[in-house]
$ cat target.cif   # mmCIF, C-alpha atoms and all ligand atoms
data_target
loop_
_atom_site.label_atom_id
_atom_site.label_comp_id
_atom_site.auth_asym_id
_atom_site.auth_seq_id
_atom_site.Cartn_x
_atom_site.Cartn_y
_atom_site.Cartn_z
CA MET R 1 18.46 1.81 17.84
CA ILE R 2 17.74 3.61 14.58
CA TYR R 3 19.03 7.16 14.40
CA ALA R 4 16.86 9.19 12.03
CA ASP R 5 17.69 12.74 13.13
CA ASN R 6 20.73 13.51 11.00
CA ALA R 7 19.48 17.05 10.35
CA ALA R 8 19.98 17.76 14.07
CA THR R 9 23.46 16.33 14.17
CA THR R 10 25.44 13.44 12.74
CA LYS R 11 27.70 10.81 14.23
CA MET R 12 31.35 11.66 13.66
CA SER R 13 32.98 9.46 11.04
CA GLU R 14 35.79 7.18 12.11
CA ALA R 15 38.24 9.08 9.90
CA ALA R 16 37.20 12.41 11.46
CA VAL R 17 37.62 11.03 15.00
CA ASN R 18 41.04 9.65 14.06
CA THR R 19 42.14 13.00 12.64
CA MET R 20 40.90 14.82 15.72
CA VAL R 21 42.64 12.50 18.19
CA ALA R 22 45.88 12.56 16.20
CA VAL R 23 45.94 16.38 16.13
CA LEU R 24 45.08 16.59 19.85
CA ASN R 25 47.94 14.24 20.66
CA GLU R 26 50.58 15.42 18.24
CA ASN R 27 49.82 18.93 17.05
CA TRP R 28 48.54 20.59 20.19
CA GLY R 29 50.69 23.69 19.86
CA ASN R 30 49.30 27.19 19.40
CA PRO R 31 49.32 27.92 15.65
CA SER R 32 50.36 31.51 16.40
CA GLY R 33 53.59 30.24 18.03
CA LEU R 34 56.76 30.90 16.06
CA TYR R 35 58.55 27.77 17.29
CA THR R 36 58.31 24.35 15.62
CA LEU R 37 55.35 23.04 17.64
CA GLY R 38 53.34 26.14 16.73
CA GLN R 39 54.34 25.99 13.10
CA THR R 40 53.33 22.33 12.68
CA ALA R 41 49.91 23.19 14.17
CA LYS R 42 49.76 26.10 11.71
CA GLU R 43 50.50 23.67 8.86
CA VAL R 44 47.61 21.43 9.96
CA LEU R 45 45.33 24.48 10.06
CA GLU R 46 46.33 25.69 6.60
CA LYS R 47 46.04 22.23 5.05
CA ALA R 48 42.48 22.05 6.43
CA ARG R 49 41.74 25.50 4.99
CA GLN R 50 42.96 24.35 1.57
CA ASP R 51 40.81 21.18 1.73
CA VAL R 52 37.70 23.09 2.81
CA ALA R 53 38.25 25.67 0.06
CA ASP R 54 38.73 22.92 -2.55
CA ALA R 55 35.46 21.30 -1.45
CA ILE R 56 33.44 24.36 -2.53
CA GLY R 57 35.61 25.72 -5.33
CA ALA R 58 37.00 28.60 -3.25
CA ASP R 59 40.41 30.06 -2.49
CA PRO R 60 41.80 29.27 0.99
CA ARG R 61 42.02 33.00 1.76
CA GLU R 62 38.23 33.13 1.41
CA ILE R 63 37.64 30.71 4.34
CA ILE R 64 37.17 31.96 7.93
CA PHE R 65 36.93 29.26 10.58
CA THR R 66 34.18 29.82 13.16
CA SER R 67 32.59 28.02 16.11
CA GLY R 68 29.84 26.69 13.84
CA GLY R 69 26.92 27.59 11.62
CA SER R 70 25.28 30.05 14.01
CA GLU R 71 28.41 32.17 14.35
CA ALA R 72 29.00 32.16 10.59
CA ASP R 73 25.40 33.31 9.98
CA ASN R 74 25.73 36.07 12.58
CA GLN R 75 29.01 37.34 11.18
CA ALA R 76 27.85 37.38 7.55
CA ILE R 77 24.55 39.11 8.25
CA ILE R 78 25.65 41.63 10.88
CA SER R 79 28.70 42.50 8.82
CA ALA R 80 26.75 43.12 5.60
CA ALA R 81 24.15 45.14 7.54
CA ARG R 82 26.69 47.44 9.20
CA LEU R 83 28.68 47.94 6.00
CA GLY R 84 25.45 48.62 4.10
CA ALA R 85 24.24 51.10 6.72
CA ALA R 86 27.49 53.03 6.33
CA ASN R 87 26.36 53.64 2.73
CA GLY R 88 22.77 54.47 3.67
CA LYS R 89 21.49 50.96 2.88
CA LYS R 90 19.34 49.58 5.68
CA HIS R 91 17.13 47.00 3.95
CA ILE R 92 17.63 43.22 4.03
CA VAL R 93 15.79 40.52 2.08
CA SER R 94 15.40 37.00 3.47
CA THR R 95 12.74 34.30 3.81
CA ALA R 96 10.21 33.33 6.46
CA PHE R 97 11.61 29.83 6.95
CA GLU R 98 15.27 30.52 7.72
CA HIS R 99 17.05 28.94 10.69
CA HIS R 100 16.75 30.93 13.92
CA ALA R 101 20.45 31.83 13.69
CA VAL R 102 19.38 33.98 10.73
CA LEU R 103 15.86 35.01 11.82
CA HIS R 104 16.88 36.11 15.32
CA THR R 105 19.85 38.05 13.93
CA LEU R 106 17.48 39.83 11.55
CA LYS R 107 15.09 40.60 14.45
CA LYS R 108 17.96 42.19 16.35
CA LEU R 109 18.86 44.31 13.32
CA GLU R 110 15.22 45.39 12.97
CA LYS R 111 15.37 46.75 16.51
CA GLU R 112 18.44 48.71 15.44
CA GLY R 113 16.49 50.36 12.62
CA PHE R 114 16.97 47.98 9.70
CA GLU R 115 14.02 47.05 7.54
CA VAL R 116 13.67 43.34 6.77
CA THR R 117 11.56 41.82 3.99
CA LEU R 118 10.83 38.13 4.64
CA LEU R 119 9.73 36.45 1.44
CA ASP R 120 6.85 34.00 1.50
CA VAL R 121 7.72 30.39 0.92
CA HIS R 122 5.27 28.57 -1.32
CA GLU R 123 3.46 25.34 -0.43
CA ASP R 124 6.21 23.33 -2.14
CA GLY R 125 8.76 24.79 0.29
CA LEU R 126 10.49 26.89 -2.37
CA VAL R 127 10.98 30.65 -2.74
CA ARG R 128 10.29 32.22 -6.11
CA VAL R 129 13.12 34.08 -7.82
CA ASP R 130 10.82 36.64 -9.48
CA GLU R 131 9.28 37.51 -6.11
CA LEU R 132 12.75 37.91 -4.66
CA GLU R 133 13.78 40.23 -7.48
CA LYS R 134 10.67 42.37 -6.91
CA ALA R 135 11.57 42.74 -3.23
CA LEU R 136 14.99 44.25 -4.02
CA ARG R 137 15.40 48.01 -3.52
CA ASP R 138 18.07 50.63 -4.08
CA ASP R 139 18.81 50.49 -0.34
CA THR R 140 19.02 46.68 -0.06
CA ALA R 141 22.25 45.83 1.78
CA LEU R 142 21.98 42.03 1.72
CA VAL R 143 20.01 39.05 0.49
CA THR R 144 20.21 35.94 2.67
CA VAL R 145 18.43 32.73 1.63
CA MET R 146 19.19 29.28 2.99
CA PHE R 147 20.49 26.63 0.56
CA ALA R 148 18.37 23.79 1.97
CA ASN R 149 15.83 23.97 4.75
CA ASN R 150 16.63 22.13 7.98
CA GLU R 151 13.07 20.93 8.62
CA ILE R 152 11.57 20.08 5.25
CA GLY R 153 14.81 19.70 3.28
CA THR R 154 13.75 21.72 0.25
CA ILE R 155 16.62 22.98 -1.92
CA GLN R 156 16.28 26.58 -3.08
CA PRO R 157 17.19 27.91 -6.55
CA ILE R 158 20.45 29.33 -5.18
CA LYS R 159 22.27 29.80 -8.49
CA GLU R 160 19.36 31.83 -9.93
CA ILE R 161 18.98 33.89 -6.75
CA GLY R 162 22.71 34.57 -6.80
CA ALA R 163 22.53 35.69 -10.43
CA VAL R 164 19.74 38.15 -9.64
CA CYS R 165 21.72 39.56 -6.69
CA ARG R 166 24.83 39.95 -8.88
CA ALA R 167 22.82 41.79 -11.54
CA HIS R 168 21.62 44.20 -8.84
CA LYS R 169 25.07 44.39 -7.19
CA ILE R 170 23.71 43.20 -3.84
CA PRO R 171 25.77 40.82 -1.65
CA PHE R 172 24.25 37.35 -1.38
CA HIS R 173 24.68 35.10 1.66
CA THR R 174 23.42 31.53 1.97
CA ASP R 175 23.13 29.38 5.09
CA ALA R 176 24.33 26.12 3.53
CA VAL R 177 24.60 24.22 6.82
CA GLN R 178 22.15 21.50 5.72
CA ALA R 179 23.30 21.38 2.11
CA ILE R 180 27.08 21.24 2.21
CA ALA R 181 28.50 17.71 1.87
CA HIS R 182 25.00 16.52 0.92
CA VAL R 183 24.71 18.22 -2.49
CA HIS R 184 27.41 19.60 -4.78
CA ILE R 185 28.22 23.25 -4.14
CA ASN R 186 30.56 25.44 -6.14
CA VAL R 187 30.55 29.02 -4.89
CA ALA R 188 31.61 30.44 -8.28
CA GLU R 189 29.05 28.53 -10.37
CA ASP R 190 26.34 29.09 -7.77
CA ASN R 191 26.95 32.88 -7.63
CA ILE R 192 27.47 32.87 -3.86
CA ASP R 193 29.21 35.76 -2.05
CA MET R 194 29.05 34.38 1.49
CA LEU R 195 28.26 30.86 2.73
CA SER R 196 27.87 29.37 6.23
CA ALA R 197 28.70 25.77 7.11
CA SER R 198 28.89 23.61 10.23
CA ALA R 199 30.95 20.42 10.69
CA HIS R 200 28.55 18.46 12.90
CA LYS R 201 25.96 18.26 10.12
CA PHE R 202 28.36 16.22 7.95
CA HIS R 203 30.02 13.73 10.34
CA GLY R 204 32.46 16.27 11.78
CA PRO R 205 32.68 17.54 15.36
CA LYS R 206 30.33 20.03 17.06
CA GLY R 207 31.46 23.58 17.76
CA VAL R 208 33.31 24.15 14.50
CA GLY R 209 32.31 25.53 11.13
CA PHE R 210 33.30 28.11 8.59
CA LEU R 211 32.23 31.19 6.68
CA TYR R 212 33.18 31.57 3.03
CA VAL R 213 33.59 35.20 1.98
CA LYS R 214 34.24 35.90 -1.69
CA LYS R 215 37.32 37.97 -2.47
CA GLY R 216 36.24 41.60 -2.80
CA ILE R 217 33.33 41.28 -0.33
CA ARG R 218 34.17 43.09 2.90
CA ILE R 219 33.64 41.34 6.22
CA LEU R 220 33.68 42.77 9.74
CA ASN R 221 35.29 41.07 12.70
CA LEU R 222 32.72 40.48 15.47
CA ILE R 223 35.00 38.89 18.06
CA GLU R 224 37.77 41.16 19.32
CA GLY R 225 41.11 39.76 20.40
CA GLY R 226 44.14 38.41 18.62
CA ALA R 227 44.93 38.62 14.92
CA GLN R 228 43.81 35.07 14.07
CA GLU R 229 42.02 34.42 10.76
CA LYS R 230 43.71 37.53 9.30
CA GLY R 231 41.97 39.72 11.88
CA ARG R 232 38.53 38.53 10.82
CA ARG R 233 37.84 36.26 13.84
CA ALA R 234 39.85 36.39 17.05
CA GLY R 235 40.51 33.42 19.32
CA THR R 236 42.98 30.53 19.27
CA GLU R 237 41.87 28.22 16.49
CA ASN R 238 40.20 24.88 17.27
CA VAL R 239 42.92 23.11 15.27
CA ALA R 240 41.81 19.53 16.00
CA GLY R 241 38.16 20.31 15.27
CA ILE R 242 39.02 22.19 12.09
CA ALA R 243 41.24 19.35 10.83
CA ALA R 244 38.48 16.82 11.61
CA MET R 245 35.98 19.01 9.76
CA ALA R 246 38.19 19.01 6.67
CA THR R 247 38.54 15.20 6.87
CA ALA R 248 34.75 14.74 7.18
CA LEU R 249 34.03 17.12 4.32
CA THR R 250 36.53 15.55 1.92
CA GLU R 251 35.28 12.08 2.85
CA SER R 252 31.61 13.00 2.34
CA LEU R 253 32.25 14.40 -1.12
CA LYS R 254 34.30 11.43 -2.29
CA ASP R 255 31.45 9.20 -3.42
CA LEU R 256 28.63 11.68 -3.01
CA ASP R 257 26.70 10.79 -6.16
CA LYS R 258 26.79 7.09 -5.41
CA THR R 259 25.84 7.61 -1.76
CA ASN R 260 23.01 9.96 -2.70
CA GLU R 261 21.59 7.50 -5.18
CA ILE R 262 21.27 4.88 -2.42
CA VAL R 263 19.96 7.32 0.19
CA LYS R 264 17.39 8.81 -2.22
CA LYS R 265 16.02 5.36 -3.08
CA ARG R 266 15.52 4.60 0.61
CA ARG R 267 14.05 8.05 1.25
CA ASP R 268 11.56 7.55 -1.58
CA ARG R 269 10.55 4.15 -0.19
CA LEU R 270 10.09 5.75 3.24
CA MET R 271 7.88 8.48 1.76
CA GLU R 272 5.88 5.93 -0.22
CA GLY R 273 5.32 3.77 2.88
CA ILE R 274 4.24 6.61 5.14
CA ARG R 275 1.97 8.07 2.45
CA GLU R 276 -0.26 4.98 2.85
CA ILE R 277 -1.41 6.37 6.21
CA PRO R 278 -4.77 8.12 5.74
CA HIS R 279 -4.93 11.92 6.16
CA CYS R 280 -1.27 12.74 6.08
CA ALA R 281 0.78 14.94 3.76
CA LEU R 282 4.39 15.28 2.76
CA ASN R 283 5.86 18.69 3.61
CA GLY R 284 7.89 20.25 0.81
CA ASP R 285 8.55 19.26 -2.77
CA ALA R 286 9.07 15.50 -3.22
CA VAL R 287 12.02 15.93 -5.60
CA LYS R 288 13.72 19.26 -4.87
CA ARG R 289 14.74 18.15 -1.39
CA LEU R 290 17.79 16.79 0.42
CA PRO R 291 18.50 13.11 -0.28
CA GLY R 292 17.84 12.05 3.33
CA ASN R 293 14.92 14.27 4.35
CA VAL R 294 11.35 13.08 4.93
CA ASN R 295 8.82 15.34 6.69
CA PHE R 296 5.13 14.60 7.13
CA CYS R 297 2.12 16.12 8.86
CA PHE R 298 -0.54 13.78 10.27
CA GLU R 299 -3.98 15.01 11.05
CA GLY R 300 -5.42 14.47 14.54
CA ILE R 301 -2.20 13.82 16.47
CA GLU R 302 0.50 15.63 18.44
CA GLY R 303 4.04 15.47 17.10
CA GLU R 304 5.44 15.22 20.60
CA SER R 305 3.58 12.03 21.57
CA LEU R 306 4.51 10.55 18.22
CA LEU R 307 8.20 11.11 18.96
CA LEU R 308 8.03 9.62 22.44
CA LEU R 309 6.31 6.47 21.21
CA LEU R 310 8.77 6.11 18.33
CA ASP R 311 11.58 6.46 20.85
CA ASP R 312 10.04 3.55 22.77
CA LYS R 313 10.35 1.54 19.58
CA GLY R 314 14.00 2.52 19.27
CA ILE R 315 13.58 5.19 16.59
CA GLN R 316 15.20 8.58 17.18
CA ALA R 317 13.31 11.20 15.18
CA SER R 318 12.23 14.81 15.47
CA SER R 319 9.06 16.77 14.88
CA GLY R 320 11.22 19.33 13.15
CA SER R 321 9.35 21.89 15.17
CA ALA R 322 9.90 24.08 18.17
CA CYS R 323 7.60 21.79 20.21
CA THR R 324 10.59 19.62 20.97
CA SER R 325 12.41 22.51 22.59
CA GLY R 326 9.61 23.17 25.04
CA SER R 327 7.77 25.85 23.09
CA LEU R 328 4.06 25.46 22.35
CA ASP R 329 4.29 27.27 19.03
CA PRO R 330 4.22 25.04 15.98
CA SER R 331 7.15 25.12 13.58
CA HIS R 332 7.64 28.48 11.84
CA VAL R 333 8.73 26.54 8.76
CA LEU R 334 5.47 24.59 8.50
CA LEU R 335 3.45 27.76 9.10
CA ALA R 336 5.52 29.49 6.38
CA ILE R 337 4.51 26.86 3.81
CA GLY R 338 0.88 27.36 4.76
CA ARG R 339 0.12 24.54 7.18
CA VAL R 340 -2.52 25.57 9.74
CA HIS R 341 -1.66 25.34 13.47
CA ASP R 342 -3.51 22.06 14.20
CA VAL R 343 -1.90 20.24 11.30
CA ALA R 344 1.55 21.75 11.86
CA HIS R 345 1.52 20.33 15.40
CA GLY R 346 1.33 16.78 14.07
CA SER R 347 4.61 16.78 12.20
CA LEU R 348 7.39 14.22 11.94
CA ARG R 349 10.88 14.72 10.49
CA LEU R 350 12.95 11.66 9.65
CA THR R 351 16.43 12.42 8.37
CA ILE R 352 18.22 9.29 7.24
CA ASN R 353 21.70 8.71 5.80
CA GLU R 354 23.83 6.01 4.18
CA ASP R 355 23.83 4.00 7.41
CA THR R 356 20.03 3.62 7.43
CA SER R 357 19.45 0.15 5.97
CA ASP R 358 16.51 -1.13 3.89
CA GLU R 359 15.40 -3.12 6.96
CA ASP R 360 15.54 0.06 9.07
CA ILE R 361 13.30 1.80 6.53
CA GLU R 362 10.69 -0.97 6.65
CA TYR R 363 10.78 -0.98 10.46
CA ILE R 364 10.29 2.82 10.55
CA ILE R 365 7.32 2.61 8.16
CA LYS R 366 5.69 -0.16 10.21
CA SER R 367 6.30 1.70 13.49
CA VAL R 368 5.01 5.07 12.26
CA LYS R 369 1.83 3.39 10.97
CA GLU R 370 1.26 1.67 14.33
CA VAL R 371 1.96 4.74 16.42
CA VAL R 372 -0.21 7.09 14.34
CA GLU R 373 -3.12 4.64 14.49
CA TYR R 374 -2.65 4.15 18.24
CA LEU R 375 -2.57 7.89 18.97
CA ARG R 376 -5.58 8.60 16.79
CA GLY R 377 -7.43 5.91 18.80
CA PHE R 378 -7.77 8.25 21.75
CA SER R 379 -7.39 11.68 20.14
CA PRO R 380 -10.48 13.91 20.68
CA ILE R 381 -9.60 15.86 17.53
CA TRP R 382 -9.51 12.66 15.47
CA ARG R 383 -12.87 11.59 16.96
CA ASP R 384 -14.42 14.91 15.89
CA LEU R 385 -12.91 14.56 12.42
CA VAL R 386 -14.24 11.06 11.95
CA ALA R 387 -17.66 12.07 13.35
CA GLY R 388 -17.81 14.92 10.82
CA LYS R 389 -17.88 17.61 13.54
CA LYS R 390 -14.63 18.97 12.11
CA GLN R 391 -13.42 19.08 8.53
CA PHE R 392 -10.40 17.08 7.42
CA ILE R 393 -7.72 19.35 6.04
CA LEU R 394 -5.33 16.72 4.77
C1 LIG R 401 22.30 23.38 12.53
C2 LIG R 401 22.02 24.60 11.73
C3 LIG R 401 22.58 25.85 12.05
C4 LIG R 401 23.40 26.05 13.30
O1 LIG R 401 24.66 25.45 13.20
P1 LIG R 401 25.50 25.24 14.57
O2 LIG R 401 26.83 24.76 14.11
O3 LIG R 401 24.76 24.22 15.36
O4 LIG R 401 25.58 26.57 15.24
C5 LIG R 401 22.32 26.91 11.23
N1 LIG R 401 21.56 26.78 10.13
C6 LIG R 401 21.02 25.60 9.77
C7 LIG R 401 20.20 25.51 8.53
C8 LIG R 401 21.22 24.48 10.56
O5 LIG R 401 20.65 23.32 10.21
#
$ encode --input "target.cif" --output "structure tokens"
Amino acid sequence: MIYADNAATTKMSEAAVNTMVAVLNENWGNPSGLYTLGQTAKEVLEKARQDVADAIGADPREIIFTSGGSEADNQAIISAARLGAANGKKHIVSTAFEHHAVLHTLKKLEKEGFEVTLLDVHEDGLVRVDELEKALRDDTALVTVMFANNEIGTIQPIKEIGAVCRAHKIPFHTDAVQAIAHVHINVAEDNIDMLSASAHKFHGPKGVGFLYVKKGIRILNLIEGGAQEKGRRAGTENVAGIAAMATALTESLKDLDKTNEIVKKRRDRLMEGIREIPHCALNGDAVKRLPGNVNFCFEGIEGESLLLLLDDKGIQASSGSACTSGSLDPSHVLLAIGRVHDVAHGSLRLTINEDTSDEDIEYIIKSVKEVVEYLRGFSPIWRDLVAGKKQFIL
């Protein structure tokens, strides 16, 4: 079996599993307890907070542990919106290809009277900083732009966007769920005010993540209850999950440059191999993308059938689109970069990592070629294209 859907989730690392099991067995006390068992759990929690902070160049007091990326996104955005509204600022700037944790939160705020400007994403899968600056207004309460896209892997000019926001004194949040532990991030150098992360995208457990909030930026508590996380997020902390997240993050960053060099070489070979298929196109910039992300559109086929046939060949991949979750709409990300409906339906996302071998890459290339040719063999759309009744787009 070849697992090529690391953007959806990753396998926990052995070290992260070991940390988790050890904490579950030995440090299972409630960190709010004043007795020894509670205090040792508290020590584990605070050590993890220090490690997570170190990983992004932050101070431990700037880290709030959450249940994952979605919660961190919700808290950052809703908080900035409410605090902005209290000062008469009810405008938010974001992009059309954000994760649904961001887009659906913005939709909810729109219903509550906020105005949202979603920036266009260009064909290369990148937002333009000058266009972002033009969208800013006196009543802009927040700018939120993802660090790297979860479908096409493109890495945004975060540092430049952050600098523009600073110059205009507007808080800047980034959903860095796909980027953290895969590229170097330093919140100070990258001009980031708030950042969301999730452990299961970097070999940690599911259901745990964090929100970085720069000192001086106010944050509202969205979950009422106890005084955990300095009153910024109630609920008994997932100590074992948090400790495992810190282990996974530290481990990922240890040899990141070396790992990325290997992964990028394999990714480039994968792109080169798939490109040989006629009438296909790479989605997103070939260079400014995550080391392990490959995303293609193929003309004349359905992404869903492609995935099922690849699964038969032992390859776990994704279309990177909503099709897989039972919706008939093509991916909002592919539409945002200008792919038309028909083409966007025939997409394939392969997200590899350091465990994907050179042999795996060659097997994936061979299999994708076979499956695309097979599906086109009985596709009515492909027949019309070949017969000249329809125009090729790709
Ligand atoms: C996975 C993902 C999320 C959601 O994170 P969860 O921990 O699963 O809630 C948010 N944003 C991006 C870009 C993601 O890839």
$ axis_aligned_box --input "target.cif" --around "ligand LIG 401 (chain R)" --padding-each-side "5 Å" --output "JSON"
{"center_x": 23.5, "center_y": 25.1, "center_z": 11.9, "size_x": 16.6, "size_y": 13.6, "size_z": 16.8}
$ closest_atom_pairs --input "target.cif" --of "segment 27-62 of chain R" --to "segment 238-258 of chain R" --cutoff "12 Å" --atoms "all atoms listed in the file" --output "Markdown table"
| residue | atom | partner | partner_atom | distance |
| --- | --- | --- | --- | --- |
| R:Asn27 | CA | R:Ala240 | CA | 8.1 |
| R:Trp28 | CA | R:Val239 | CA | 7.9 |
| R:Gly29 | CA | R:Val239 | CA | 9.0 |
| R:Asn30 | CA | R:Val239 | CA | 8.6 |
| R:Pro31 | CA | R:Val239 | CA | 8.0 |
| R:Ser32 | CA | R:Val239 | CA | 11.3 |
| R:Gly38 | CA | R:Val239 | CA | 10.9 |
| R:Gln39 | CA | R:Val239 | CA | 12.0 |
| R:Thr40 | CA | R:Val239 | CA | 10.8 |
| R:Ala41 | CA | R:Val239 | CA | 7.1 |
| R:Lys42 | CA | R:Val239 | CA | 8.3 |
| R:Glu43 | CA | R:Val239 | CA | 9.9 |
| R:Val44 | CA | R:Ala243 | CA | 6.8 |
| R:Leu45 | CA | R:Val239 | CA | 5.9 |
| R:Glu46 | CA | R:Ala243 | CA | 9.2 |
| R:Lys47 | CA | R:Ala243 | CA | 8.0 |
| R:Ala48 | CA | R:Ala246 | CA | 5.3 |
| R:Arg49 | CA | R:Ala246 | CA | 7.6 |
| R:Gln50 | CA | R:Ala246 | CA | 8.8 |
| R:Asp51 | CA | R:Ala246 | CA | 6.0 |
| R:Val52 | CA | R:Ala246 | CA | 5.6 |
| R:Ala53 | CA | R:Ala246 | CA | 9.4 |
| R:Asp54 | CA | R:Thr250 | CA | 8.9 |
| R:Ala55 | CA | R:Thr250 | CA | 6.8 |
| R:Ile56 | CA | R:Leu249 | CA | 10.0 |
$ closest_residue --input "target.cif" --among "R:Pro157, R:Gly57, R:Pro291, R:Gly338" --to "Lys214 of chain R" --atoms "only C-alpha atoms"
R:Gly57
$ residues_near_ligand --input "target.cif" --ligand "ligand LIG 401 (chain R)" --cutoff "7 Å" --atoms "all atoms listed in the file" --output "ChimeraX atom specification"
/R:7-8,67-71,99,101,146,149-150,175-178,198-201,206-209
$ write_last_selection --input "target.cif" --atoms "C-alpha atoms" --output "compact mmCIF listing (two decimals), in the frame of the given file"
# COMPACT_ATOMS: atom_id res chain seq x y z
CA ALA R 7 19.48 17.05 10.35
CA ALA R 8 19.98 17.76 14.07
CA SER R 67 32.59 28.02 16.11
CA GLY R 68 29.84 26.69 13.84
CA GLY R 69 26.92 27.59 11.62
CA SER R 70 25.28 30.05 14.01
CA GLU R 71 28.41 32.17 14.35
CA HIS R 99 17.05 28.94 10.69
CA ALA R 101 20.45 31.83 13.69
CA MET R 146 19.19 29.28 2.99
CA ASN R 149 15.83 23.97 4.75
CA ASN R 150 16.63 22.13 7.98
CA ASP R 175 23.13 29.38 5.09
CA ALA R 176 24.33 26.12 3.53
CA VAL R 177 24.60 24.22 6.82
CA GLN R 178 22.15 21.50 5.72
CA SER R 198 28.89 23.61 10.23
CA ALA R 199 30.95 20.42 10.69
CA HIS R 200 28.55 18.46 12.90
CA LYS R 201 25.96 18.26 10.12
CA LYS R 206 30.33 20.03 17.06
CA GLY R 207 31.46 23.58 17.76
CA VAL R 208 33.31 24.15 14.50
CA GLY R 209 32.31 25.53 11.13
$ residues_around --input "target.cif" --residues "segment 116-133 of chain R" --least-positions-apart "3" --cutoff "7 Å" --atoms "all atoms listed in the file" --output "compact mmCIF listing (two decimals) with C-alpha atoms, in the coordinates of the input"
# COMPACT_ATOMS: atom_id res chain seq x y z
CA HIS R 91 17.13 47.00 3.95
CA ILE R 92 17.63 43.22 4.03
CA VAL R 93 15.79 40.52 2.08
CA SER R 94 15.40 37.00 3.47
CA THR R 95 12.74 34.30 3.81
CA ALA R 96 10.21 33.33 6.46
CA GLU R 110 15.22 45.39 12.97
CA LEU R 136 14.99 44.25 -4.02
CA THR R 154 13.75 21.72 0.25
CA GLN R 156 16.28 26.58 -3.08
CA GLU R 160 19.36 31.83 -9.93
CA ILE R 161 18.98 33.89 -6.75
CA VAL R 164 19.74 38.15 -9.64
CA GLY R 284 7.89 20.25 0.81
CA ASP R 285 8.55 19.26 -2.77
CA ALA R 336 5.52 29.49 6.38
CA ILE R 337 4.51 26.86 3.81
CA GLY R 338 0.88 27.36 4.76
$ atom_distance --input "target.cif" --atom1 "atom CA of Arg137 of chain R" --atom2 "atom CA of Leu220 of chain R"
23.2 Å
$ residues_around --input "target.cif" --residues "Val368 of chain R" --least-positions-apart "5" --cutoff "12 Å" --atoms "all atoms listed in the file" --output "PDB file with C-alpha atoms, in the frame of the given file"
ATOM      1  CA  LEU R 270      10.090   5.750   3.240  1.00  0.00           C
ATOM      2  CA  MET R 271       7.880   8.480   1.760  1.00  0.00           C
ATOM      3  CA  GLY R 273       5.320   3.770   2.880  1.00  0.00           C
ATOM      4  CA  ILE R 274       4.240   6.610   5.140  1.00  0.00           C
ATOM      5  CA  ARG R 275       1.970   8.070   2.450  1.00  0.00           C
ATOM      6  CA  GLU R 276      -0.260   4.980   2.850  1.00  0.00           C
ATOM      7  CA  ILE R 277      -1.410   6.370   6.210  1.00  0.00           C
ATOM      8  CA  CYS R 280      -1.270  12.740   6.080  1.00  0.00           C
ATOM      9  CA  PHE R 296       5.130  14.600   7.130  1.00  0.00           C
ATOM     10  CA  CYS R 297       2.120  16.120   8.860  1.00  0.00           C
ATOM     11  CA  PHE R 298      -0.540  13.780  10.270  1.00  0.00           C
ATOM     12  CA  GLY R 303       4.040  15.470  17.100  1.00  0.00           C
ATOM     13  CA  SER R 305       3.580  12.030  21.570  1.00  0.00           C
ATOM     14  CA  LEU R 306       4.510  10.550  18.220  1.00  0.00           C
ATOM     15  CA  LEU R 307       8.200  11.110  18.960  1.00  0.00           C
ATOM     16  CA  LEU R 308       8.030   9.620  22.440  1.00  0.00           C
ATOM     17  CA  LEU R 309       6.310   6.470  21.210  1.00  0.00           C
ATOM     18  CA  LEU R 310       8.770   6.110  18.330  1.00  0.00           C
ATOM     19  CA  ASP R 311      11.580   6.460  20.850  1.00  0.00           C
ATOM     20  CA  ASP R 312      10.040   3.550  22.770  1.00  0.00           C
ATOM     21  CA  LYS R 313      10.350   1.540  19.580  1.00  0.00           C
ATOM     22  CA  GLY R 314      14.000   2.520  19.270  1.00  0.00           C
ATOM     23  CA  ILE R 315      13.580   5.190  16.590  1.00  0.00           C
ATOM     24  CA  GLN R 316      15.200   8.580  17.180  1.00  0.00           C
ATOM     25  CA  ALA R 317      13.310  11.200  15.180  1.00  0.00           C
ATOM     26  CA  SER R 347       4.610  16.780  12.200  1.00  0.00           C
ATOM     27  CA  LEU R 348       7.390  14.220  11.940  1.00  0.00           C
ATOM     28  CA  ARG R 349      10.880  14.720  10.490  1.00  0.00           C
ATOM     29  CA  LEU R 350      12.950  11.660   9.650  1.00  0.00           C
ATOM     30  CA  ILE R 361      13.300   1.800   6.530  1.00  0.00           C
ATOM     31  CA  GLU R 362      10.690  -0.970   6.650  1.00  0.00           C
ATOM     32  CA  TYR R 363      10.780  -0.980  10.460  1.00  0.00           C
ATOM     33  CA  GLU R 373      -3.120   4.640  14.490  1.00  0.00           C
ATOM     34  CA  TYR R 374      -2.650   4.150  18.240  1.00  0.00           C
ATOM     35  CA  LEU R 375      -2.570   7.890  18.970  1.00  0.00           C
TER      36      LEU R 375
END
$ closest_residue --input "target.cif" --among "R:Val187, R:Ala181, R:Ile219, R:Ile365" --to "Arg266 of chain R" --atoms "all atoms listed in the file"
R:Ile365
$ residues_near_point --input "target.cif" --point "(18.1, 2.1, 11.6)" --cutoff "8 Å" --atoms "only C-alpha atoms" --output "PyMOL selection string"
chain R and resi 1-4+315+355-357+359-361+364
$ atom_distance --input "target.cif" --atom1 "atom CA of Asn87 of chain R" --atom2 "atom CA of Glu112 of chain R"
15.8 Å
$ atom_distance --input "target.cif" --atom1 "atom CA of Arg232 of chain R" --atom2 "atom CA of Phe97 of chain R"
28.6 Å
$ residues_near_point --input "target.cif" --point "(-2.5, 22.3, 11.0)" --cutoff "9 Å" --atoms "only C-alpha atoms" --output "number ranges by chain"
R: 297-299, 330, 334-335, 338-346, 393-394
